[in-house]
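The next block is my_file.pdb, given as PDB, C-alpha atoms.
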```
ATOM      1  CA  MET A   1      -3.906  16.426 -30.098
ATOM      2  CA  ARG A   2      -0.768  15.486 -28.177
ATOM      3  CA  ALA A   3      -0.953  15.593 -24.397
ATOM      4  CA  LYS A   4       2.008  15.748 -22.032
ATOM      5  CA  VAL A   5       1.478  15.190 -18.338
ATOM      6  CA  HIS A   6       4.294  16.069 -15.946
ATOM      7  CA  VAL A   7       4.068  14.461 -12.530
ATOM      8  CA  PHE A   8       6.240  15.394  -9.565
ATOM      9  CA  LEU A   9       6.199  14.690  -5.855
ATOM     10  CA  LYS A  10       4.669  17.681  -4.078
ATOM     11  CA  PRO A  11       6.926  20.179  -2.371
ATOM     12  CA  GLY A  12       7.412  18.923   1.168
ATOM     13  CA  VAL A  13       7.290  15.260   0.173
ATOM     14  CA  LEU A  14      10.802  13.856   0.395
ATOM     15  CA  ASP A  15      12.090  12.994  -3.083
ATOM     16  CA  VAL A  16      14.857  10.524  -2.322
ATOM     17  CA  GLN A  17      15.685  10.039  -6.011
ATOM     18  CA  GLY A  18      16.089  13.788  -6.419
ATOM     19  CA  LYS A  19      18.333  13.834  -3.379
ATOM     20  CA  ALA A  20      20.532  11.049  -4.745
ATOM     21  CA  VAL A  21      20.836  12.788  -8.131
ATOM     22  CA  GLU A  22      21.678  16.057  -6.374
ATOM     23  CA  GLN A  23      24.458  14.385  -4.395
ATOM     24  CA  ALA A  24      25.827  12.820  -7.583
ATOM     25  CA  LEU A  25      25.879  16.223  -9.301
ATOM     26  CA  HIS A  26      27.658  17.730  -6.305
ATOM     27  CA  GLY A  27      30.181  14.892  -6.507
ATOM     28  CA  LEU A  28      30.832  15.772 -10.151
ATOM     29  CA  GLY A  29      31.644  19.324  -9.214
ATOM     30  CA  TRP A  30      28.322  21.071  -9.798
ATOM     31  CA  GLY A  31      28.161  22.420  -6.294
ATOM     32  CA  GLY A  32      25.625  25.100  -7.146
ATOM     33  CA  VAL A  33      22.839  22.562  -7.802
ATOM     34  CA  GLU A  34      19.985  22.635  -5.308
ATOM     35  CA  HIS A  35      16.486  21.213  -4.827
ATOM     36  CA  VAL A  36      16.616  18.497  -7.488
ATOM     37  CA  ARG A  37      13.274  16.818  -8.115
ATOM     38  CA  VAL A  38      12.876  13.728 -10.266
ATOM     39  CA  GLY A  39       9.486  13.386 -11.915
ATOM     40  CA  LYS A  40       7.992  11.688 -14.909
ATOM     41  CA  THR A  41       6.371  12.686 -18.156
ATOM     42  CA  ILE A  42       3.509  10.756 -19.689
ATOM     43  CA  GLU A  43       2.728  11.550 -23.326
ATOM     44  CA  PHE A  44      -0.128  10.419 -25.498
ATOM     45  CA  ASP A  45      -2.279  11.286 -28.490
ATOM     46  CA  LEU A  46      -5.829  12.214 -27.717
ATOM     47  CA  ALA A  47      -8.780  12.442 -30.076
ATOM     48  CA  ALA A  48     -10.456  15.653 -29.002
ATOM     49  CA  GLY A  49     -12.020  18.565 -30.806
ATOM     50  CA  ASP A  50     -11.289  21.586 -28.683
ATOM     51  CA  ALA A  51      -8.567  22.312 -26.187
ATOM     52  CA  ALA A  52     -10.866  22.967 -23.242
ATOM     53  CA  ALA A  53     -12.546  19.579 -23.546
ATOM     54  CA  ALA A  54      -9.160  17.896 -23.947
ATOM     55  CA  GLU A  55      -7.780  19.608 -20.880
ATOM     56  CA  ALA A  56     -10.768  18.582 -18.800
ATOM     57  CA  GLU A  57     -10.365  15.016 -19.964
ATOM     58  CA  VAL A  58      -6.637  14.843 -19.240
ATOM     59  CA  LYS A  59      -7.183  16.370 -15.799
ATOM     60  CA  ALA A  60      -9.761  13.675 -15.074
ATOM     61  CA  MET A  61      -7.168  11.047 -16.106
ATOM     62  CA  CYS A  62      -4.641  12.622 -13.748
ATOM     63  CA  GLU A  63      -7.041  12.606 -10.818
ATOM     64  CA  LYS A  64      -8.137   9.039 -11.489
ATOM     65  CA  LEU A  65      -4.871   7.325 -12.410
ATOM     66  CA  LEU A  66      -1.874   9.287 -13.678
ATOM     67  CA  ALA A  67      -1.097  11.097 -10.416
ATOM     68  CA  ASN A  68      -1.681  10.288  -6.753
ATOM     69  CA  THR A  69      -2.666  13.690  -5.428
ATOM     70  CA  VAL A  70      -1.900  12.645  -1.853
ATOM     71  CA  ILE A  71       1.793  12.892  -2.744
ATOM     72  CA  GLU A  72       2.046  14.213  -6.300
ATOM     73  CA  SER A  73       1.165  17.298  -8.297
ATOM     74  CA  TYR A  74       0.734  17.356 -12.050
ATOM     75  CA  ARG A  75       0.882  19.785 -14.939
ATOM     76  CA  VAL A  76      -0.821  19.274 -18.309
ATOM     77  CA  GLU A  77       0.503  20.525 -21.666
ATOM     78  CA  LEU A  78      -1.535  20.221 -24.856
ATOM     79  CA  ALA A  79      -0.225  20.789 -28.341
TER      80      ALA A  79
ATOM     81  CA  MET B   1     -14.868 -19.590   7.850
ATOM     82  CA  LYS B   2     -14.170 -18.346   4.387
ATOM     83  CA  ALA B   3     -11.434 -16.128   3.011
ATOM     84  CA  ALA B   4     -10.416 -14.883  -0.415
ATOM     85  CA  VAL B   5      -7.010 -13.873  -1.716
ATOM     86  CA  ILE B   6      -7.105 -11.470  -4.655
ATOM     87  CA  VAL B   7      -4.621 -12.305  -7.406
ATOM     88  CA  PHE B   8      -3.335  -9.429  -9.536
ATOM     89  CA  PRO B   9      -0.983  -9.912 -12.470
ATOM     90  CA  GLY B  10       2.381  -9.677 -10.708
ATOM     91  CA  SER B  11       1.218 -10.744  -7.250
ATOM     92  CA  ASN B  12       3.786 -13.151  -5.845
ATOM     93  CA  CYS B  13       2.654 -13.761  -2.280
ATOM     94  CA  ASP B  14      -0.837 -14.893  -3.211
ATOM     95  CA  ARG B  15      -0.178 -18.583  -2.642
ATOM     96  CA  ASP B  16       1.846 -17.854   0.491
ATOM     97  CA  CYS B  17      -1.202 -16.031   1.842
ATOM     98  CA  LYS B  18      -3.499 -18.930   1.002
ATOM     99  CA  VAL B  19      -1.242 -21.439   2.775
ATOM    100  CA  ALA B  20      -0.703 -19.089   5.724
ATOM    101  CA  ILE B  21      -4.430 -18.550   6.243
ATOM    102  CA  GLU B  22      -5.295 -22.224   5.779
ATOM    103  CA  ARG B  23      -2.630 -23.474   8.152
ATOM    104  CA  SER B  24      -3.129 -20.850  10.823
ATOM    105  CA  THR B  25      -6.936 -20.818  10.840
ATOM    106  CA  GLY B  26      -8.275 -23.830   8.939
ATOM    107  CA  ALA B  27     -10.431 -21.468   6.873
ATOM    108  CA  HIS B  28     -11.316 -22.255   3.284
ATOM    109  CA  VAL B  29      -9.444 -19.886   0.956
ATOM    110  CA  ASP B  30     -10.527 -19.013  -2.584
ATOM    111  CA  MET B  31      -8.186 -17.366  -5.063
ATOM    112  CA  VAL B  32      -9.965 -14.557  -6.927
ATOM    113  CA  TRP B  33      -8.595 -13.181 -10.190
ATOM    114  CA  HIS B  34      -8.369  -9.380 -10.403
ATOM    115  CA  GLY B  35     -10.519  -9.305 -13.536
ATOM    116  CA  ASP B  36     -13.484 -10.989 -11.800
ATOM    117  CA  THR B  37     -16.522  -8.861 -11.180
ATOM    118  CA  ALA B  38     -17.892 -10.863  -8.259
ATOM    119  CA  LEU B  39     -16.486 -12.206  -4.994
ATOM    120  CA  PRO B  40     -17.430 -15.595  -3.527
ATOM    121  CA  ASP B  41     -20.462 -15.440  -1.215
ATOM    122  CA  GLY B  42     -20.136 -15.294   2.539
ATOM    123  CA  LEU B  43     -16.565 -14.091   2.843
ATOM    124  CA  ASP B  44     -15.205 -13.401   6.328
ATOM    125  CA  LEU B  45     -11.816 -12.125   5.183
ATOM    126  CA  ILE B  46     -10.335 -10.629   2.011
ATOM    127  CA  VAL B  47      -6.563 -10.440   1.575
ATOM    128  CA  LEU B  48      -4.693  -8.360  -0.985
ATOM    129  CA  PRO B  49      -1.289 -10.024  -1.180
ATOM    130  CA  GLY B  50       2.241  -8.780  -1.666
ATOM    131  CA  GLY B  51       4.057  -8.678  -4.961
ATOM    132  CA  PHE B  52       4.519  -6.358  -7.885
ATOM    133  CA  SER B  53       1.038  -5.908  -9.333
ATOM    134  CA  TYR B  54       1.226  -4.573 -12.892
ATOM    135  CA  GLY B  55       5.010  -4.568 -12.569
ATOM    136  CA  ASP B  56       4.774  -1.634 -10.137
ATOM    137  CA  TYR B  57       4.376   0.502 -13.269
ATOM    138  CA  LEU B  58       3.274   4.130 -12.865
ATOM    139  CA  ARG B  59       3.049   3.815  -9.057
ATOM    140  CA  CYS B  60       2.979   0.727  -6.874
ATOM    141  CA  GLY B  61      -0.600  -0.467  -6.590
ATOM    142  CA  ALA B  62      -2.039   2.272  -8.823
ATOM    143  CA  MET B  63      -3.377   0.141 -11.615
ATOM    144  CA  ALA B  64      -4.348  -2.741  -9.357
ATOM    145  CA  SER B  65      -6.493  -0.333  -7.340
ATOM    146  CA  LEU B  66      -8.617   0.180 -10.469
ATOM    147  CA  SER B  67      -8.964  -3.530 -11.330
ATOM    148  CA  PRO B  68     -12.543  -4.712 -11.882
ATOM    149  CA  VAL B  69     -12.551  -6.793  -8.688
ATOM    150  CA  MET B  70     -11.644  -3.772  -6.567
ATOM    151  CA  ALA B  71     -15.156  -2.349  -6.881
ATOM    152  CA  GLU B  72     -16.369  -5.550  -5.206
ATOM    153  CA  VAL B  73     -13.629  -5.425  -2.575
ATOM    154  CA  LYS B  74     -14.621  -1.846  -1.738
ATOM    155  CA  ALA B  75     -18.295  -2.783  -1.523
ATOM    156  CA  ALA B  76     -17.485  -5.755   0.744
ATOM    157  CA  ALA B  77     -15.317  -3.575   2.990
ATOM    158  CA  GLU B  78     -18.171  -1.076   3.199
ATOM    159  CA  ARG B  79     -20.406  -3.925   4.349
ATOM    160  CA  GLY B  80     -17.865  -4.531   7.120
ATOM    161  CA  VAL B  81     -15.925  -7.542   5.778
ATOM    162  CA  ALA B  82     -12.423  -7.719   7.272
ATOM    163  CA  THR B  83      -9.938  -6.715   4.574
ATOM    164  CA  VAL B  84      -6.147  -6.919   4.849
ATOM    165  CA  GLY B  85      -3.578  -5.528   2.422
ATOM    166  CA  ILE B  86      -0.057  -6.823   2.903
ATOM    167  CA  CYS B  87       2.909  -4.959   1.377
ATOM    168  CA  ASN B  88       1.823  -4.386  -2.245
ATOM    169  CA  GLY B  89      -1.712  -4.965  -0.933
ATOM    170  CA  PHE B  90      -1.232  -2.042   1.473
ATOM    171  CA  GLN B  91      -0.122   0.105  -1.469
ATOM    172  CA  VAL B  92      -3.246  -0.970  -3.372
ATOM    173  CA  LEU B  93      -5.506  -0.045  -0.425
ATOM    174  CA  CYS B  94      -3.931   3.429  -0.217
ATOM    175  CA  GLU B  95      -4.212   3.936  -3.970
ATOM    176  CA  ALA B  96      -7.853   2.817  -3.777
ATOM    177  CA  GLN B  97      -8.359   5.419  -1.038
ATOM    178  CA  MET B  98      -9.582   2.715   1.307
ATOM    179  CA  LEU B  99      -6.787   3.821   3.646
ATOM    180  CA  PRO B 100      -5.251   7.277   4.035
ATOM    181  CA  GLY B 101      -1.701   8.174   3.018
ATOM    182  CA  ALA B 102       0.678   6.673   0.494
ATOM    183  CA  LEU B 103       3.838   4.567   0.366
ATOM    184  CA  LEU B 104       6.924   6.363  -0.920
ATOM    185  CA  ARG B 105      10.310   5.115  -2.064
ATOM    186  CA  ASN B 106      12.372   3.953   0.926
ATOM    187  CA  GLU B 107      14.353   6.751   2.500
ATOM    188  CA  LYS B 108      17.724   5.142   1.702
ATOM    189  CA  LEU B 109      16.613   4.069  -1.797
ATOM    190  CA  LYS B 110      17.242   0.486  -0.754
ATOM    191  CA  TYR B 111      15.071  -2.588  -1.019
ATOM    192  CA  VAL B 112      14.787  -3.824   2.547
ATOM    193  CA  CYS B 113      14.327  -7.536   3.136
ATOM    194  CA  LYS B 114      14.672  -8.716   6.723
ATOM    195  CA  ALA B 115      12.919  -9.673   9.919
ATOM    196  CA  VAL B 116      11.647  -6.683  11.856
ATOM    197  CA  ASP B 117      10.438  -6.294  15.412
ATOM    198  CA  LEU B 118       7.122  -4.528  15.670
ATOM    199  CA  GLU B 119       5.272  -2.838  18.457
ATOM    200  CA  VAL B 120       1.643  -3.893  18.584
ATOM    201  CA  THR B 121       0.470  -0.327  19.039
ATOM    202  CA  ASN B 122      -3.222  -1.124  19.201
ATOM    203  CA  SER B 123      -4.294  -4.602  20.291
ATOM    204  CA  GLN B 124      -7.954  -3.585  20.454
ATOM    205  CA  THR B 125      -8.563  -4.021  16.719
ATOM    206  CA  ARG B 126     -10.240  -7.030  15.159
ATOM    207  CA  PHE B 127      -6.896  -7.901  13.558
ATOM    208  CA  THR B 128      -4.795  -7.717  16.695
ATOM    209  CA  ALA B 129      -7.090  -8.808  19.541
ATOM    210  CA  GLY B 130      -5.265 -12.155  19.661
ATOM    211  CA  TYR B 131      -2.008 -10.467  20.655
ATOM    212  CA  GLY B 132      -3.670  -9.683  23.999
ATOM    213  CA  SER B 133      -1.175  -8.146  26.385
ATOM    214  CA  ARG B 134       1.751  -8.916  24.057
ATOM    215  CA  ARG B 135       3.257  -5.637  22.947
ATOM    216  CA  GLN B 136       5.696  -7.035  20.427
ATOM    217  CA  ALA B 137       5.615  -9.159  17.287
ATOM    218  CA  THR B 138       8.197 -10.214  14.735
ATOM    219  CA  MET B 139       7.528 -10.444  10.994
ATOM    220  CA  THR B 140       9.612  -9.907   7.880
ATOM    221  CA  VAL B 141       9.472  -6.980   5.486
ATOM    222  CA  GLY B 142      10.436  -7.013   1.819
ATOM    223  CA  ASN B 143       9.853  -3.671   0.155
ATOM    224  CA  GLY B 144      11.442  -0.890  -1.863
ATOM    225  CA  GLU B 145       8.516   1.468  -1.451
ATOM    226  CA  GLY B 146       7.318   0.963   2.075
ATOM    227  CA  ASN B 147       7.943   4.440   3.395
ATOM    228  CA  PHE B 148       4.541   5.430   4.776
ATOM    229  CA  PHE B 149       3.638   9.059   4.183
ATOM    230  CA  ALA B 150       0.660  11.169   5.177
ATOM    231  CA  ASP B 151       0.361  14.855   6.028
ATOM    232  CA  GLU B 152       0.862  15.861   9.659
ATOM    233  CA  GLN B 153      -2.832  16.363  10.275
ATOM    234  CA  THR B 154      -3.655  12.888   8.987
ATOM    235  CA  LEU B 155      -0.844  11.376  11.070
ATOM    236  CA  ASP B 156      -2.162  13.116  14.192
ATOM    237  CA  ARG B 157      -5.637  11.809  13.478
ATOM    238  CA  LEU B 158      -4.367   8.261  12.867
ATOM    239  CA  GLU B 159      -2.524   8.328  16.169
ATOM    240  CA  GLY B 160      -5.324  10.053  18.069
ATOM    241  CA  GLU B 161      -7.953   7.589  16.949
ATOM    242  CA  GLY B 162      -5.918   4.456  17.530
ATOM    243  CA  GLN B 163      -5.608   3.716  13.834
ATOM    244  CA  VAL B 164      -1.880   3.045  14.056
ATOM    245  CA  VAL B 165      -1.794  -0.703  14.648
ATOM    246  CA  PHE B 166       1.868  -1.637  14.203
ATOM    247  CA  ARG B 167       5.056   0.387  14.537
ATOM    248  CA  TYR B 168       8.640  -0.550  13.718
ATOM    249  CA  LEU B 169      10.920  -0.687  16.726
ATOM    250  CA  GLU B 170      13.752   0.110  14.294
ATOM    251  CA  ASN B 171      12.432   1.951  11.279
ATOM    252  CA  PRO B 172      13.760   0.195   8.144
ATOM    253  CA  ASN B 173      12.458   2.543   5.438
ATOM    254  CA  GLY B 174      11.814   6.031   6.791
ATOM    255  CA  SER B 175       8.097   5.576   7.454
ATOM    256  CA  ALA B 176       6.452   8.563   9.115
ATOM    257  CA  ARG B 177       6.265   8.078  12.884
ATOM    258  CA  ASP B 178       7.629   4.530  12.483
ATOM    259  CA  ILE B 179       4.258   3.386  11.152
ATOM    260  CA  ALA B 180       4.188  -0.182   9.845
ATOM    261  CA  GLY B 181       0.425  -0.747   9.707
ATOM    262  CA  ILE B 182      -2.841   1.187   9.986
ATOM    263  CA  VAL B 183      -6.578   0.524  10.028
ATOM    264  CA  ASN B 184      -9.368   2.602   8.564
ATOM    265  CA  ARG B 185     -11.650   4.583  10.847
ATOM    266  CA  ARG B 186     -14.182   1.785  11.051
ATOM    267  CA  GLY B 187     -11.455  -0.700  11.934
ATOM    268  CA  ASN B 188     -12.223  -3.358   9.328
ATOM    269  CA  VAL B 189      -9.549  -2.524   6.740
ATOM    270  CA  LEU B 190      -5.900  -3.107   7.688
ATOM    271  CA  GLY B 191      -2.832  -2.288   5.640
ATOM    272  CA  LEU B 192       0.663  -3.283   6.720
ATOM    273  CA  MET B 193       4.074  -3.520   5.082
ATOM    274  CA  PRO B 194       5.432  -6.468   7.133
ATOM    275  CA  HIS B 195       4.330  -9.920   5.990
ATOM    276  CA  PRO B 196       2.266 -11.971   8.439
ATOM    277  CA  ASP B 197       2.142 -14.542   5.633
ATOM    278  CA  ARG B 198       5.897 -15.048   6.021
ATOM    279  CA  ALA B 199       5.638 -15.495   9.774
ATOM    280  CA  PHE B 200       2.921 -18.036  10.442
ATOM    281  CA  GLU B 201       4.916 -20.935  11.915
ATOM    282  CA  THR B 202       8.048 -21.142  14.032
ATOM    283  CA  GLU B 203       9.961 -22.889  11.229
ATOM    284  CA  LEU B 204       9.799 -19.556   9.380
ATOM    285  CA  GLY B 205      11.474 -17.768  12.263
ATOM    286  CA  SER B 206       8.253 -16.434  13.763
ATOM    287  CA  ALA B 207       4.660 -17.541  14.124
ATOM    288  CA  ASP B 208       3.442 -14.083  15.129
ATOM    289  CA  GLY B 209       1.691 -13.498  11.810
ATOM    290  CA  ALA B 210      -0.662 -16.418  12.424
ATOM    291  CA  ILE B 211      -2.242 -14.456  15.298
ATOM    292  CA  LEU B 212      -3.279 -11.731  12.853
ATOM    293  CA  PHE B 213      -5.161 -14.136  10.576
ATOM    294  CA  GLN B 214      -6.670 -15.928  13.588
ATOM    295  CA  SER B 215      -7.846 -12.632  15.079
ATOM    296  CA  ALA B 216      -9.332 -11.444  11.789
ATOM    297  CA  LEU B 217     -11.351 -14.626  11.379
ATOM    298  CA  ALA B 218     -12.311 -14.913  15.048
ATOM    299  CA  SER B 219     -13.848 -11.446  14.784
ATOM    300  CA  ALA B 220     -16.027 -12.347  11.784
TER     301      ALA B 220
END
```
The structure in this file should be written as structure tokens.
Amino acid sequence: MRAKVHVFLKPGVLDVQGKAVEQALHGLGWGGVEHVRVGKTIEFDLAAGDAAAAEAEVKAMCEKLLANTVIESYRVELA
Amino acid sequence: MKAAVIVFPGSNCDRDCKVAIERSTGAHVDMVWHGDTALPDGLDLIVLPGGFSYGDYLRCGAMASLSPVMAEVKAAAERGVATVGICNGFQVLCEAQMLPGALLRNEKLKYVCKAVDLEVTNSQTRFTAGYGSRRQATMTVGNGEGNFFADEQTLDRLEGEGQVVFRYLENPNGSARDIAGIVNRRGNVLGLMPHPDRAFETELGSADGAILFQSALASA
């Protein structure tokens, strides 16, 4: 099973990278761009039988290491 | 008096901390590798130094906070041992949930390396008692992710309970409420972004950091 974890700063936490990218896009003429957020994706293979068990395991990884829930939110995709 | 400096892969202020503590207090300082599962006996002070533990990968301090030795550091802090995290060490303490909040990327996306003037906001802690009636101290900062963040409620609580120990007089990185250093509720765990280990004798531009190490050990 392949897991993808998307991690972003929570809404309300200033994303200075997103802001810088947004300004650069504005500078290039894409004036309609708003609310840019820069996050990261962590992908890995996972030996797991069923999807529910895999999801529980990946969520535990997020809570323990992959995301800092004080400032970040995460989303898990399994395929 | 006995202190330990924890060495993570990528720490780069570990030896500075050892020299700073030795010269400012005369204490014996052991270096403890992050993979160790025991701390030396009878410690009066534990220091998590600055640097780039685990290359700052994933998040600053994230992987270091899960190092084997951190279970022992947590247990020692719970027993009341004075514990200080400086710069990357502060990030590790937040990631380990030994202190509230987190350190974000600096507001201007810039690595800031300079001397900063600090307000000693609370001189009643075991780390700052030696500042006495002095309300100001000078140390240097060197960080790219030193922008302290916590939710409003946590910030109110930190301020209300005297847990804000140092504030920047001129905020270099966007830290919430100009916070440069905080203690835990019990008052025995301190995290700060400025480096007392780079300000322990006048030849370095300031000796104000020495007072912090002296206070921490005098309180043991």
For a quick check of understanding, using all atoms listed in the file, which of B:Val141, B:Ile179, B:Met63, B:Ala216 has the smallest distance to chain A?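 Closest to chain A of all the choices is B:Met63.
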Can you turn the ChimeraX specification (/A :<12) & /B into a concrete residue list for this file, as a short mmCIF file (atom, residue, chain, number, x, y, z; two decimals) with C-alpha atoms, in the coordinates of the input?
```cif
data_model
loop_
_atom_site.label_atom_id
_atom_site.label_comp_id
_atom_site.auth_asym_id
_atom_site.auth_seq_id
_atom_site.Cartn_x
_atom_site.Cartn_y
_atom_site.Cartn_z
CA TYR B 57 4.38 0.50 -13.27
CA LEU B 58 3.27 4.13 -12.86
CA ARG B 59 3.05 3.82 -9.06
CA CYS B 60 2.98 0.73 -6.87
CA GLY B 61 -0.60 -0.47 -6.59
CA ALA B 62 -2.04 2.27 -8.82
CA MET B 63 -3.38 0.14 -11.62
CA ALA B 64 -4.35 -2.74 -9.36
CA SER B 65 -6.49 -0.33 -7.34
CA LEU B 66 -8.62 0.18 -10.47
CA SER B 67 -8.96 -3.53 -11.33
CA GLN B 91 -0.12 0.10 -1.47
CA VAL B 92 -3.25 -0.97 -3.37
CA CYS B 94 -3.93 3.43 -0.22
CA GLU B 95 -4.21 3.94 -3.97
CA ALA B 96 -7.85 2.82 -3.78
CA GLN B 97 -8.36 5.42 -1.04
CA LEU B 99 -6.79 3.82 3.65
CA PRO B 100 -5.25 7.28 4.04
CA GLY B 101 -1.70 8.17 3.02
CA ALA B 102 0.68 6.67 0.49
CA LEU B 103 3.84 4.57 0.37
CA LEU B 104 6.92 6.36 -0.92
CA ARG B 105 10.31 5.12 -2.06
CA ASN B 106 12.37 3.95 0.93
CA GLU B 107 14.35 6.75 2.50
CA LYS B 108 17.72 5.14 1.70
CA LEU B 109 16.61 4.07 -1.80
CA LYS B 110 17.24 0.49 -0.75
CA GLY B 144 11.44 -0.89 -1.86
CA GLU B 145 8.52 1.47 -1.45
CA ASN B 147 7.94 4.44 3.40
CA PHE B 148 4.54 5.43 4.78
CA PHE B 149 3.64 9.06 4.18
CA ALA B 150 0.66 11.17 5.18
CA ASP B 151 0.36 14.86 6.03
CA GLU B 152 0.86 15.86 9.66
CA THR B 154 -3.66 12.89 8.99
CA ASN B 173 12.46 2.54 5.44
CA GLY B 174 11.81 6.03 6.79
CA SER B 175 8.10 5.58 7.45
CA ALA B 176 6.45 8.56 9.12
#
```
Output, as JSON, the centre and edge lengths in Å (one decimal) of the axis-aligned box that contains all listed atoms of stretch 6-22 of chain A with 8 Å of margin on each side.
```
{"center_x": 12.9, "center_y": 15.1, "center_z": -7.4, "size_x": 33.6, "size_y": 26.1, "size_z": 33.1}
```
Which residue out of A:Leu46, A:Ala52, A:Val33, A:Cys62 has the minimum interatomic distance to A:Val21 when all atoms listed in the file are used?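 Using all atoms listed in the file, A:Val21 sits closest to A:Val33.
Taking atom CA of B:Arg198 and atom CA of B:Gly50 as the two end points, the separation is 10.6 Å.
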In Å, rounded to a single decimal, give me how far atom CA of B:Phe166 is from atom CA of A:Pro11.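 One can read the atom CA of A:Pro11 to atom CA of B:Phe166 distance as 27.9 Å.
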Report, in Å with one decimal, the straight-line distance from atom CA of B:Arg126 to atom CA of B:Leu212. 8.7 Å
Pick the closest to A:Phe8 from A:Val36, A:Ala24, A:Ala48, A:Ala60: which is it, counting all atoms listed in the file? A:Val36
Could you pull out every residue with an atom within 8 Å of (-0.6, -13.7, -2.5), file coordinates, counting only C-alpha atoms, and send them as a list in words?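 Output of the proximity query reads Val5, Ile6, Val7, Ser11, Asn12, Cys13, Asp14, Arg15, Asp16, Cys17, Lys18, Val47, Leu48, Pro49, Gly50 and Gly51 of chain B.
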Residues within 7 Å of (6.2, -0.2, 10.6), counting all atoms listed in the file, listed as an MDAnalysis selection string: chainID B and resid 118 166:168 171 175 178:181 193
Between B:Leu190, B:Ala3, B:Val112, B:Met31, single out the one closest to B:Ile86, counting only C-alpha atoms. B:Leu190
Do you know which residues are at most 10 Å from A:Gly49 counting all atoms listed in the file, after dropping those on the same chain fewer than 4 positions away, and could you put them as number ranges by chain? A: 1, 53-54
Let me see the file: selected residues, C-alpha atoms, as a tab-separated table (two decimals), keeping the file's coordinate frame.
```tsv
chain	number	residue	atom	x	y	z
A	1	MET	CA	-3.91	16.43	-30.10
A	53	ALA	CA	-12.55	19.58	-23.55
A	54	ALA	CA	-9.16	17.90	-23.95
```
Using the chain letters and numbers from this file, what does the PyMOL selection byres ((chain B and resi 76) around 12) select? Give the answer as a list in words.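 That expression, the PyMOL selection byres ((chain B and resi 76) around 12), corresponds here to Ala4, Ala38, Leu39, Pro40, Asp41, Gly42, Leu43, Asp44, Leu45, Ile46, Val47, Val69, Met70, Ala71, Glu72, Val73, Lys74, Ala75, Ala77, Glu78, Arg79, Gly80, Val81, Ala82, Thr83, Met98, Asn188 and Val189 of chain B.
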The PyMOL selection byres ((chain B and resi 206) around 10) on the file shown: which residues, as a short mmCIF file (atom, residue, chain, number, x, y, z; two decimals) with C-alpha atoms, in the coordinates of the input?
```
data_model
loop_
_atom_site.label_atom_id
_atom_site.label_comp_id
_atom_site.auth_asym_id
_atom_site.auth_seq_id
_atom_site.Cartn_x
_atom_site.Cartn_y
_atom_site.Cartn_z
CA ALA B 115 12.92 -9.67 9.92
CA ALA B 137 5.62 -9.16 17.29
CA THR B 138 8.20 -10.21 14.74
CA MET B 139 7.53 -10.44 10.99
CA THR B 140 9.61 -9.91 7.88
CA PRO B 196 2.27 -11.97 8.44
CA ARG B 198 5.90 -15.05 6.02
CA ALA B 199 5.64 -15.50 9.77
CA PHE B 200 2.92 -18.04 10.44
CA GLU B 201 4.92 -20.94 11.92
CA THR B 202 8.05 -21.14 14.03
CA GLU B 203 9.96 -22.89 11.23
CA LEU B 204 9.80 -19.56 9.38
CA GLY B 205 11.47 -17.77 12.26
CA ALA B 207 4.66 -17.54 14.12
CA ASP B 208 3.44 -14.08 15.13
CA GLY B 209 1.69 -13.50 11.81
CA ALA B 210 -0.66 -16.42 12.42
#
```
Counting only C-alpha atoms, figure out which residue out of B:Gln163, B:Arg177, B:Gly191, B:Lys2 gets nearest to B:Ala27.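 Among B:Gln163, B:Arg177, B:Gly191, B:Lys2, it is B:Lys2 that comes nearest to B:Ala27.
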